[in-house]
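Asks: Have a look at this one.
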Amino acid sequence: MDVIDGVFYAKAAAFTGAAIAMGIGSIGPALGQGLIGMKACESLSKEKDPEVASKIRTTMMIAMGLVETSAIYCFIIAIWLIIVAVGL
């Protein structure tokens, strides 16, 4: 195995790691956002007061933003891995 093969394997591992990070890292936030949306819709259907609906909607949007941050972190790690691999 010479140096060129080692660089090839390092790049392949970085690209594979980026794909796995995005694939697995997006499953949790997707499920979490689905559950948040489901529970918010259930709460809105039970409450007829517009004032309560506004509070539920605001809380839902904040929760969606918090859940989405883990997917964004996975995306940043994947981009970083690709940039490092291209630089090899």
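So you can find residues: chains in the structure tokens are A, B, ... in the order shown, residues in each start at 1, and ligands are numbered from 1 in order.
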I want to know what sits within 8 Å of region 68-76 of chain A, based on only C-alpha atoms, with residues of the same chain fewer than 6 positions away left out; could you give that as JSON, numbers by chain?
Replies: {"A": [21, 22, 25, 26, 29, 33]}
Asks: Could you pull the residues within 12 Å of region 61-66 of chain A, counting only C-alpha atoms, minus those fewer than 5 positions along the same chain, as an MDAnalysis selection string?
Replies: chainID A and resid 29:40 54:56 71:73
Asks: Between A:Ala10, A:Ser43, A:Ala53, A:Ala19, single out the one closest to Val84 (chain A), counting only C-alpha atoms.
Replies: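 Using only C-alpha atoms, Val84 (chain A) sits closest to A:Ala10.
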Asks: Within 9 Å of Ile82 (chain A), counting only C-alpha atoms, which residues qualify if same-chain residues fewer than 4 places away don't, as a VMD selection string?
Replies: chain A and resid 11 14 to 15 18 77 to 78 86 to 87
Asks: Those residues you just picked out, can you put them in a file as an mmCIF file, in the first residue's frame with C-alpha atoms?
Replies:
data_model
loop_
_atom_site.group_PDB
_atom_site.id
_atom_site.type_symbol
_atom_site.label_atom_id
_atom_site.label_comp_id
_atom_site.auth_asym_id
_atom_site.auth_seq_id
_atom_site.Cartn_x
_atom_site.Cartn_y
_atom_site.Cartn_z
ATOM 1 C CA LYS A 11 -11.132 10.414 1.502
ATOM 2 C CA ALA A 14 -14.522 10.995 5.221
ATOM 3 C CA PHE A 15 -17.202 10.920 2.527
ATOM 4 C CA ALA A 18 -20.407 12.547 6.070
ATOM 5 C CA ILE A 77 -20.082 18.071 10.603
ATOM 6 C CA ALA A 78 -20.803 16.505 7.201
ATOM 7 C CA VAL A 86 -11.163 17.446 -0.524
ATOM 8 C CA GLY A 87 -8.112 19.075 1.049
#
